[in-house]
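J.: Just passing along the structure, written as C-alpha cells.
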Amino acid sequence: MNENLIFNKSVEERGTDFINSPLKDIKTPEHFIPKEMLRDKLKLPSLGELDVIRHYTKLSRLNFGVDTHFYPLGSCTMKYNPKINEDLAHMEDFTYLHPYQNENLIQGALAVIYELEKILSELTGMKRFTFQPSAGAHGEFAGMLIIKAFHTLNSNRRSKVLIPDSAHGTNPASAAMCGYKVEVIKSTKDGLVDTDELKSKVDAETAALMLTNPNTLGLFEERIMDISQILHKKGALLYYDGANFNPLMGIVKPRLMGFDVMHLNLHKTFSTPHGSGGPGAAAVGVSDNLVDFLPVPLVDKKENTYYFNYSLKHSIGKIKPFYGNFLVFVKAYSYLLRLGRNGLKRAAYNCVLNANYIRTKLKREFVPASDKMCMHEVVFSCAKQKERGASALDIAKRLIDFGIHPPTMYFPHIVREALMVEPTETESKETLDYFIDRMIKINEETKSDLKNIKEAPHNTPVRRPDEVRAARFPDLRWKEHGE
C-alpha cells in the first residue's frame with residue numbers, strides 16, 4: 001500500500017477556517033518572537049477532517065509492531081505487552097502527576113516505586129535499586145560511575161575495565177565515558193569467557209568486569225562463580241548487564257553469582273517493548289556496600305508514609321523527583337504482581353524452551369553459533385548461505401515478505417554472518433513453526449532462486465533504500481517543488 005505525503009494530498013482552500021477564527025482573542029507571534037525570526041509564510045496542507053483521519057489511519061497500518069507481527073529481535077525482548085498494563089498506566093491518577101507535587105499528594109505513586117524496588121531486590125538479591133536512569137545504556141553508565149566512585153573513595157587507583165568480546169556494544173562505551181581503558185577478554189570456542197585469559201588480565205589496575213549472563217550468544221556462563229572469585233580476589237567488582245535477565249527470572253539471583261552492580265531494562269524484561277525510541281527505564285541495583293553511592297533520591301517508608309530520601313553519604317548525583325518514566329514503572333509493577341514468582345519462573349522456562357525449539361528445528365539449515373543448549377535467544381551463522389550468494393542481510397530482508405520482522409543481524413561480531421533470534425516466552429508454537437518453515441523455505445531459495453532473495457522485500461512500499469545515505473543525509477522535512 002502506497003500513501004502519498006499529506007502535503008501532496010492537499011487541495012487548496014480545502015478544510016476548515018476554525019483555526020483562523022479563534023473563539024478568544026490571542027496574542028500574535030510577533031508579541032513573543034522578534035519579527036526577523038518569523039517565517040514569511042507557513043505552508044500547511046489543506047484537507048478535510050475525514051481525509052486527514054484516513055491518511056493517518058493508513059500510515060498506522062504500515063507500522064511493524066509486536067501487536068501485529070512476529071518480532072524476534074534478539075537481545076531486545078520485543079515481547080507482547082499486556083493491555084491491562086497499558087490501562088493501568090493510563091489512569092488519570094498516574095498520568096496527571098506533576099514533578100513538583102508535594103509528597104503527601106503522591107503517596108500512591110511513591111508506594112508503586114517503593115514496592116517495585118522491594119520486588120526487584122528480592123528477584124536479584126541486590127540490596128537497593130535506583131530508578132533514575134532512563135534506558136539500559138544510561139543504567140550502565142550510572143553503574144560504572146558507582147564503581148568508579150567506590151574505588152576513588154577507597155583510594156584504589158584503577159584504570160581499566162575488562163569486557164568480553166561477545167558483550168553488548170554499549171558496554172565499552174559506558175566504561176570509556178567513565179575514563180576507563182577497555183580491555184577485551186576473548187571467548188572460548190564454546191562461546192564462553194576464557195577464564196585463563198581473564199586471570200592473566202585481572203590485576204591491581206582492574207576496576208571491574210562488565211558481563212552479560214546469559215551472554216549475547218544466548219549461553220549461560222557456566223564458570224560464573226570462578227569468574228567472580230578471580231575479580232574479587234584482586235579487589236575488582238563484577239557488573240551485570242541485565243539485558244538478558246529474561247531466562248533467569250525467579251530462578252537465580254545475580255547477587256548470588258557474585259555480581260556487585262547491575263541494571264535491569266524494565267521496558268524489556270518486565271513488559272513494555274522499547275520500540276520507537278521508548279519509553280524506557282533502567283533500574284540500577286547494588287550490593288550492601290555500594291548503597292551509599294546510588295543517585296538520590298530513593299523512596300523510603302516510615303510508619304505508613306512514603307518519602308524521598310536524600311541522605312546517602314557518597315551519592316553520585318542528586319536528581320529532582322519526579323522520576324522520568326514513571327508509567328514504565330506502573331507497567332512493570334503490574335506485570336510482576338500479576339505473574340508472581342511462579343509466573344515469572346514459568347515465563348523464564350518458556351523463553352528458553354522456545355529458543356531451543358527454534359535452534360533444534362533449524363540447525364541443519366543454519367549453523368548455530370554454539371553446540372551448547374542456549375537460553376532465551378539463539379544465534380545462527382549464515383556462512384553457508386553466504387557462500388551461495390545470500391548474506392544475513394538478504395535473508396533478513398526476505399523475512400519481511402512473510403510478515404516477520406528481521407532478527408538482529410551481524411551481532412555478536414564474533415559470529416560470521418550472524419542472525420540472533422529471540423522468540424520470547426509470549427509466542428505460540430504455531431508462530432514459531434511458521435517462522436521455522438519460512439526460514440527453511442528461504443534456505444531452499446538460496447539454492448534455487450537467489451535473485452528472489454537478493455531483491456527482497458517485494459511487497460513493501462519501500463524496498464531496499466541506500467541505508468548509509470539515509471543515515472547520513474536524512475530527509476527530515478517536506479520541501480515544496482523547486483524549494
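Residues in the C-alpha cells are numbered from 1 in each chain, the chains being A, B, ... in the order shown, and ligands are numbered from 1 in the order shown.
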Using only C-alpha atoms, determine which residues lie at most 8 Å from range 54-67 of chain A, disregarding the query and same-chain residues fewer than 6 positions distant; provide the list as a list in words.
T.: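 Here the answer would be Glu3, Ile6, Met78, Lys79, Tyr80 and His405 of chain A.
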J.: Could you please determine the separation between CA of His98 in chain A and CA of Pro321 in chain A in Å, to one decimal place?
T.: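 Separating CA of His98 in chain A from CA of Pro321 in chain A is a distance of 9.5 Å.
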J.: Mind checking which residues fall within 12 Å of Asn342 in chain A, counting only C-alpha atoms, ignoring those fewer than 6 positions away in the same chain, and posting them as number ranges by chain?
T.: A: 123, 249-251, 336, 348-349
J.: Can you list, as a ChimeraX atom specification, every protein, DNA or RNA residue that comes within 10 Å of Lys320 in chain A when you count only C-alpha atoms, leaving out same-chain residues fewer than 2 positions away?
T.: /A:99-100,132,296-297,308,318,322-324
J.: Find, counting only C-alpha atoms, the residue in A:His314, A:Lys372, A:Lys83, A:Lys253 that gets nearest to Asn154 in chain A.
T.: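 Closest candidate: A:His314.
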J.: If I take CA of Ala283 in chain A and CA of Asn156 in chain A, how far is one from the other in Å, to one decimal?
T.: 26.5 Å
J.: Have a look at A:Ala390, A:Val378, A:Leu238, A:Leu88 and name the one nearest to Asp226 in chain A; count only C-alpha atoms.
T.: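 Under the stated criterion, the closest residue is A:Leu238.
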J.: For Val415 in chain A, which of A:Asn4, A:Asn443, A:Ser155, A:Ser381 is the closest residue, counting only C-alpha atoms?
T.: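 Of all the options, A:Ser381 lies closest to Val415 in chain A.
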J.: Can you list, as a PDB file with N, CA and C atoms, in the first residue's frame, all residues belonging to range 371-455 of chain A that DSSP tags as alpha helix (DSSP H)?
T.:
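selection16.pdb, written as the output of this step:
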```
ATOM      1  N   ALA A 383      26.816 -18.421   7.256  1.00  0.00           N
ATOM      2  CA  ALA A 383      28.022 -18.525   6.433  1.00  0.00           C
ATOM      3  C   ALA A 383      27.801 -19.438   5.221  1.00  0.00           C
ATOM      4  N   LYS A 384      27.079 -20.547   5.411  1.00  0.00           N
ATOM      5  CA  LYS A 384      26.796 -21.452   4.282  1.00  0.00           C
ATOM      6  C   LYS A 384      25.985 -20.742   3.209  1.00  0.00           C
ATOM      7  N   GLN A 385      24.991 -19.990   3.648  1.00  0.00           N
ATOM      8  CA  GLN A 385      24.138 -19.263   2.692  1.00  0.00           C
ATOM      9  C   GLN A 385      24.936 -18.151   1.994  1.00  0.00           C
ATOM     10  N   LYS A 386      25.869 -17.550   2.724  1.00  0.00           N
ATOM     11  CA  LYS A 386      26.708 -16.502   2.145  1.00  0.00           C
ATOM     12  C   LYS A 386      27.562 -17.058   1.009  1.00  0.00           C
ATOM     13  N   GLU A 387      28.043 -18.265   1.180  1.00  0.00           N
ATOM     14  CA  GLU A 387      28.840 -18.906   0.119  1.00  0.00           C
ATOM     15  C   GLU A 387      28.015 -19.114  -1.147  1.00  0.00           C
ATOM     16  N   ALA A 392      23.381 -12.594   5.419  1.00  0.00           N
ATOM     17  CA  ALA A 392      22.429 -12.498   6.530  1.00  0.00           C
ATOM     18  C   ALA A 392      21.448 -11.356   6.281  1.00  0.00           C
ATOM     19  N   LEU A 393      21.925 -10.259   5.705  1.00  0.00           N
ATOM     20  CA  LEU A 393      21.049  -9.133   5.381  1.00  0.00           C
ATOM     21  C   LEU A 393      19.991  -9.539   4.367  1.00  0.00           C
ATOM     22  N   ASP A 394      20.380 -10.277   3.341  1.00  0.00           N
ATOM     23  CA  ASP A 394      19.418 -10.723   2.322  1.00  0.00           C
ATOM     24  C   ASP A 394      18.330 -11.598   2.948  1.00  0.00           C
ATOM     25  N   ILE A 395      18.736 -12.504   3.821  1.00  0.00           N
ATOM     26  CA  ILE A 395      17.779 -13.398   4.476  1.00  0.00           C
ATOM     27  C   ILE A 395      16.825 -12.604   5.362  1.00  0.00           C
ATOM     28  N   ALA A 396      17.368 -11.638   6.079  1.00  0.00           N
ATOM     29  CA  ALA A 396      16.531 -10.798   6.943  1.00  0.00           C
ATOM     30  C   ALA A 396      15.524 -10.004   6.121  1.00  0.00           C
ATOM     31  N   LYS A 397      15.951  -9.475   4.976  1.00  0.00           N
ATOM     32  CA  LYS A 397      15.047  -8.717   4.106  1.00  0.00           C
ATOM     33  C   LYS A 397      13.944  -9.615   3.545  1.00  0.00           C
ATOM     34  N   ARG A 398      14.294 -10.845   3.230  1.00  0.00           N
ATOM     35  CA  ARG A 398      13.302 -11.770   2.673  1.00  0.00           C
ATOM     36  C   ARG A 398      12.239 -12.122   3.705  1.00  0.00           C
ATOM     37  N   LEU A 399      12.610 -12.191   4.978  1.00  0.00           N
ATOM     38  CA  LEU A 399      11.639 -12.495   6.029  1.00  0.00           C
ATOM     39  C   LEU A 399      10.513 -11.467   6.072  1.00  0.00           C
ATOM     40  N   ILE A 400      10.810 -10.234   5.686  1.00  0.00           N
ATOM     41  CA  ILE A 400       9.789  -9.178   5.706  1.00  0.00           C
ATOM     42  C   ILE A 400       8.622  -9.540   4.801  1.00  0.00           C
ATOM     43  N   LYS A 429       3.445 -21.843  19.735  1.00  0.00           N
ATOM     44  CA  LYS A 429       4.138 -22.832  18.920  1.00  0.00           C
ATOM     45  C   LYS A 429       3.800 -22.652  17.444  1.00  0.00           C
ATOM     46  N   GLU A 430       2.553 -22.297  17.147  1.00  0.00           N
ATOM     47  CA  GLU A 430       2.144 -22.086  15.755  1.00  0.00           C
ATOM     48  C   GLU A 430       2.962 -20.969  15.109  1.00  0.00           C
ATOM     49  N   THR A 431       3.207 -19.888  15.861  1.00  0.00           N
ATOM     50  CA  THR A 431       4.015 -18.791  15.327  1.00  0.00           C
ATOM     51  C   THR A 431       5.450 -19.237  15.109  1.00  0.00           C
ATOM     52  N   LEU A 432       6.001 -19.977  16.060  1.00  0.00           N
ATOM     53  CA  LEU A 432       7.370 -20.466  15.918  1.00  0.00           C
ATOM     54  C   LEU A 432       7.482 -21.396  14.715  1.00  0.00           C
ATOM     55  N   ASP A 433       6.485 -22.265  14.515  1.00  0.00           N
ATOM     56  CA  ASP A 433       6.505 -23.183  13.370  1.00  0.00           C
ATOM     57  C   ASP A 433       6.435 -22.413  12.053  1.00  0.00           C
ATOM     58  N   TYR A 434       5.652 -21.352  12.032  1.00  0.00           N
ATOM     59  CA  TYR A 434       5.561 -20.518  10.820  1.00  0.00           C
ATOM     60  C   TYR A 434       6.932 -19.915  10.507  1.00  0.00           C
ATOM     61  N   PHE A 435       7.600 -19.384  11.530  1.00  0.00           N
ATOM     62  CA  PHE A 435       8.931 -18.803  11.348  1.00  0.00           C
ATOM     63  C   PHE A 435       9.923 -19.860  10.859  1.00  0.00           C
ATOM     64  N   ILE A 436       9.901 -21.024  11.476  1.00  0.00           N
ATOM     65  CA  ILE A 436      10.808 -22.105  11.099  1.00  0.00           C
ATOM     66  C   ILE A 436      10.578 -22.518   9.640  1.00  0.00           C
ATOM     67  N   ASP A 437       9.324 -22.669   9.261  1.00  0.00           N
ATOM     68  CA  ASP A 437       9.003 -23.059   7.882  1.00  0.00           C
ATOM     69  C   ASP A 437       9.492 -22.022   6.881  1.00  0.00           C
ATOM     70  N   ARG A 438       9.330 -20.750   7.207  1.00  0.00           N
ATOM     71  CA  ARG A 438       9.772 -19.684   6.299  1.00  0.00           C
ATOM     72  C   ARG A 438      11.292 -19.646   6.187  1.00  0.00           C
ATOM     73  N   MET A 439      11.988 -19.890   7.298  1.00  0.00           N
ATOM     74  CA  MET A 439      13.458 -19.921   7.264  1.00  0.00           C
ATOM     75  C   MET A 439      13.948 -21.084   6.400  1.00  0.00           C
ATOM     76  N   ILE A 440      13.283 -22.224   6.505  1.00  0.00           N
ATOM     77  CA  ILE A 440      13.649 -23.376   5.678  1.00  0.00           C
ATOM     78  C   ILE A 440      13.391 -23.071   4.203  1.00  0.00           C
ATOM     79  N   LYS A 441      12.279 -22.405   3.938  1.00  0.00           N
ATOM     80  CA  LYS A 441      11.950 -22.020   2.555  1.00  0.00           C
ATOM     81  C   LYS A 441      13.004 -21.066   1.994  1.00  0.00           C
ATOM     82  N   ILE A 442      13.409 -20.097   2.802  1.00  0.00           N
ATOM     83  CA  ILE A 442      14.416 -19.131   2.355  1.00  0.00           C
ATOM     84  C   ILE A 442      15.745 -19.828   2.091  1.00  0.00           C
ATOM     85  N   ASN A 443      16.083 -20.785   2.934  1.00  0.00           N
ATOM     86  CA  ASN A 443      17.320 -21.545   2.710  1.00  0.00           C
ATOM     87  C   ASN A 443      17.263 -22.273   1.368  1.00  0.00           C
ATOM     88  N   GLU A 444      16.107 -22.831   1.028  1.00  0.00           N
ATOM     89  CA  GLU A 444      15.959 -23.505  -0.262  1.00  0.00           C
ATOM     90  C   GLU A 444      16.097 -22.505  -1.407  1.00  0.00           C
ATOM     91  N   GLU A 445      15.591 -21.307  -1.204  1.00  0.00           N
ATOM     92  CA  GLU A 445      15.705 -20.269  -2.240  1.00  0.00           C
ATOM     93  C   GLU A 445      17.152 -19.874  -2.481  1.00  0.00           C
ATOM     94  N   THR A 446      18.012 -19.978  -1.458  1.00  0.00           N
ATOM     95  CA  THR A 446      19.435 -19.659  -1.673  1.00  0.00           C
ATOM     96  C   THR A 446      20.068 -20.626  -2.655  1.00  0.00           C
ATOM     97  N   LYS A 447      19.445 -21.778  -2.838  1.00  0.00           N
ATOM     98  CA  LYS A 447      19.956 -22.780  -3.781  1.00  0.00           C
ATOM     99  C   LYS A 447      19.303 -22.671  -5.151  1.00  0.00           C
ATOM    100  N   SER A 448      18.028 -22.251  -5.186  1.00  0.00           N
ATOM    101  CA  SER A 448      17.268 -22.339  -6.434  1.00  0.00           C
ATOM    102  C   SER A 448      16.796 -21.002  -6.996  1.00  0.00           C
ATOM    103  N   LEU A 450      18.104 -17.428  -6.122  1.00  0.00           N
ATOM    104  CA  LEU A 450      18.896 -16.428  -5.405  1.00  0.00           C
ATOM    105  C   LEU A 450      18.446 -15.003  -5.730  1.00  0.00           C
ATOM    106  N   LYS A 451      18.063 -14.774  -6.973  1.00  0.00           N
ATOM    107  CA  LYS A 451      17.654 -13.437  -7.403  1.00  0.00           C
ATOM    108  C   LYS A 451      16.452 -12.958  -6.577  1.00  0.00           C
ATOM    109  N   ASN A 452      15.552 -13.855  -6.271  1.00  0.00           N
ATOM    110  CA  ASN A 452      14.355 -13.505  -5.494  1.00  0.00           C
ATOM    111  C   ASN A 452      14.735 -12.996  -4.104  1.00  0.00           C
ATOM    112  N   ILE A 453      15.753 -13.621  -3.511  1.00  0.00           N
ATOM    113  CA  ILE A 453      16.205 -13.190  -2.185  1.00  0.00           C
ATOM    114  C   ILE A 453      16.960 -11.864  -2.274  1.00  0.00           C
ATOM    115  N   LYS A 454      17.819 -11.734  -3.256  1.00  0.00           N
ATOM    116  CA  LYS A 454      18.652 -10.528  -3.370  1.00  0.00           C
ATOM    117  C   LYS A 454      17.816  -9.280  -3.619  1.00  0.00           C
TER     118      LYS A 454
END
```
J.: Any chance you could list, as a ChimeraX atom specification, the residues in range 181-340 of chain A that come up strand (DSSP E) when DSSP is run on the backbone?
T.: /A:181-185,206-212,237-241,261-265,282-286,298-302,305-309
J.: Measuring between only C-alpha atoms, which one of A:His138, A:Arg464, A:Lys363, A:His232 shows the shortest distance to Ser174 in chain A?
T.: A:His138
J.: Kindly indicate which residue among A:Asn85, A:Gln101, A:Asn350, A:Asn265 lies nearest to Glu422 in chain A, using only C-alpha atoms for the distances.
T.: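 Smallest distance to Glu422 in chain A is found for A:Asn350.
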J.: Compile the contact shell of Phe411 in chain A as an MDAnalysis selection string: residues with an atom at most 8 Å away, counting only C-alpha atoms, same-chain residues fewer than 5 positions apart removed.
T.: chainID A and resid 418:420
J.: My list of candidates is A:Glu425, A:Asp401, A:Glu365, A:Asp288. Which is closest to His458 in chain A when distances are computed with only C-alpha atoms?
T.: A:Asp401
J.: Report, in Å with one decimal, the straight-line distance from CA of Arg388 in chain A to CA of Asp449 in chain A.
T.: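 Calculated distance between CA of Arg388 in chain A and CA of Asp449 in chain A is 10.7 Å.
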